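Only one structure is covered here, and it is reproduced in the block below.
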Amino acid sequence: MKISIVVPVYNEAKSLPELFSEINSVLEKEKIEYEIVAVNDGSKDNSWEVLRKLAGSDKRIKAINFKFNNGQTAAMSAGIKNSSGDVIIPIDSD
């Protein structure tokens, strides 16, 4: 069974590396197949650059970018639509 973690992101550049590291640590320890689908919701900080870097270094991370803030519901919907897991787990990025 594969799980998809869907993470809407808005101005969370500083916390993203730690968040993704913690997710990876727990799920790898439990030997769970997973992906992380992160949707940058028009952040004004460098969240998109951080997400691109994280996705570039880990094939389990999908990064989606909204140029403008569309709200958490739209970001969550985009993440769910781009998920491939059997189970979808939404979480906040903060």
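Residue numbers start at 1 in each chain; chains themselves are named A, B, ... in the order of the structure tokens; ligands are numbered from 1 in the order shown.
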For this session: Find the spatial neighbours of Ile91 in chain A, counting only C-alpha atoms, within a cut-off of 9 Å - ignore same-chain residues fewer than 5 positions away - and output them as a list in words.
Result: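 Surrounding residues, per the criterion: Ile5, Val6, Val7 and Pro8 of chain A.
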Output all heavy atoms for every residue in that selection, as a JSON list (two decimals), in the first residue's frame.
```json
[["chain", "number", "residue", "atom", "x", "y", "z"],
["A", 5, "ILE", "N", 1.08, 11.91, 1.01],
["A", 5, "ILE", "CA", 0.98, 13.00, 1.97],
["A", 5, "ILE", "C", 0.79, 14.28, 1.15],
["A", 5, "ILE", "O", 1.66, 14.63, 0.35],
["A", 5, "ILE", "CB", 2.26, 13.14, 2.83],
["A", 5, "ILE", "CG1", 2.68, 11.81, 3.44],
["A", 5, "ILE", "CG2", 2.10, 14.25, 3.85],
["A", 5, "ILE", "CD1", 1.86, 11.35, 4.58],
["A", 6, "VAL", "N", -0.33, 14.98, 1.32],
["A", 6, "VAL", "CA", -0.61, 16.20, 0.58],
["A", 6, "VAL", "C", -0.39, 17.39, 1.50],
["A", 6, "VAL", "O", -0.98, 17.46, 2.59],
["A", 6, "VAL", "CB", -2.05, 16.19, 0.01],
["A", 6, "VAL", "CG1", -2.35, 17.52, -0.69],
["A", 6, "VAL", "CG2", -2.23, 15.03, -0.95],
["A", 7, "VAL", "N", 0.48, 18.31, 1.04],
["A", 7, "VAL", "CA", 0.89, 19.43, 1.88],
["A", 7, "VAL", "C", 0.68, 20.75, 1.14],
["A", 7, "VAL", "O", 1.46, 21.09, 0.25],
["A", 7, "VAL", "CB", 2.38, 19.31, 2.27],
["A", 7, "VAL", "CG1", 2.77, 20.40, 3.26],
["A", 7, "VAL", "CG2", 2.72, 17.94, 2.81],
["A", 8, "PRO", "N", -0.35, 21.53, 1.48],
["A", 8, "PRO", "CA", -0.45, 22.87, 0.93],
["A", 8, "PRO", "C", 0.57, 23.76, 1.64],
["A", 8, "PRO", "O", 0.75, 23.65, 2.86],
["A", 8, "PRO", "CB", -1.88, 23.30, 1.23],
["A", 8, "PRO", "CG", -2.33, 22.42, 2.34],
["A", 8, "PRO", "CD", -1.50, 21.17, 2.30]]
```
Problem set entry | Sel. of alpha helix (DSSP H) residues, chain A, as a PyMOL selection string | chain A and resi 16-29+47-57+72-81
Cut-off 12 Å: closest range 6-35 of chain A/range 64-88 of chain A atom pairs per residue, using only C-alpha atoms, as JSON lines:
```
{"residue": "A:Val6", "atom": "CA", "partner": "A:Gly79", "partner_atom": "CA", "distance": 5.6}
{"residue": "A:Val7", "atom": "CA", "partner": "A:Met76", "partner_atom": "CA", "distance": 7.1}
{"residue": "A:Pro8", "atom": "CA", "partner": "A:Ala75", "partner_atom": "CA", "distance": 5.4}
{"residue": "A:Val9", "atom": "CA", "partner": "A:Ala75", "partner_atom": "CA", "distance": 8.0}
{"residue": "A:Tyr10", "atom": "CA", "partner": "A:Asn69", "partner_atom": "CA", "distance": 8.1}
{"residue": "A:Asn11", "atom": "CA", "partner": "A:Asn69", "partner_atom": "CA", "distance": 10.5}
{"residue": "A:Ile32", "atom": "CA", "partner": "A:Gly85", "partner_atom": "CA", "distance": 11.3}
{"residue": "A:Glu33", "atom": "CA", "partner": "A:Gly85", "partner_atom": "CA", "distance": 8.8}
{"residue": "A:Tyr34", "atom": "CA", "partner": "A:Gly85", "partner_atom": "CA", "distance": 7.1}
{"residue": "A:Glu35", "atom": "CA", "partner": "A:Gly85", "partner_atom": "CA", "distance": 7.4}
```
Exercise. Do you know which residues are at most 12 Å from Lys14 in chain A counting only C-alpha atoms, after dropping those on the same chain fewer than 6 positions away, and could you put them as a ChimeraX atom specification?
Worked result: /A:20,45-51,93-94
For this session: In Å, rounded to a single decimal, give me how far CA of Asn40 in chain A is from CA of Asp58 in chain A.
Result: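 Answer for the CA of Asp58 in chain A to CA of Asn40 in chain A separation: 17.1 Å.
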Exercise. For the atom pair CA of Gly56 in chain A and CA of Val37 in chain A, what is the interatomic distance in Å to one decimal place?
Worked result: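 Separation of CA of Gly56 in chain A and CA of Val37 in chain A: 13.1 Å.
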For this session: Give me, please, the distance in Å between CA of Val39 in chain A and CA of Ala63 in chain A, quoted to one decimal.
Result: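 It comes out at 6.0 Å.
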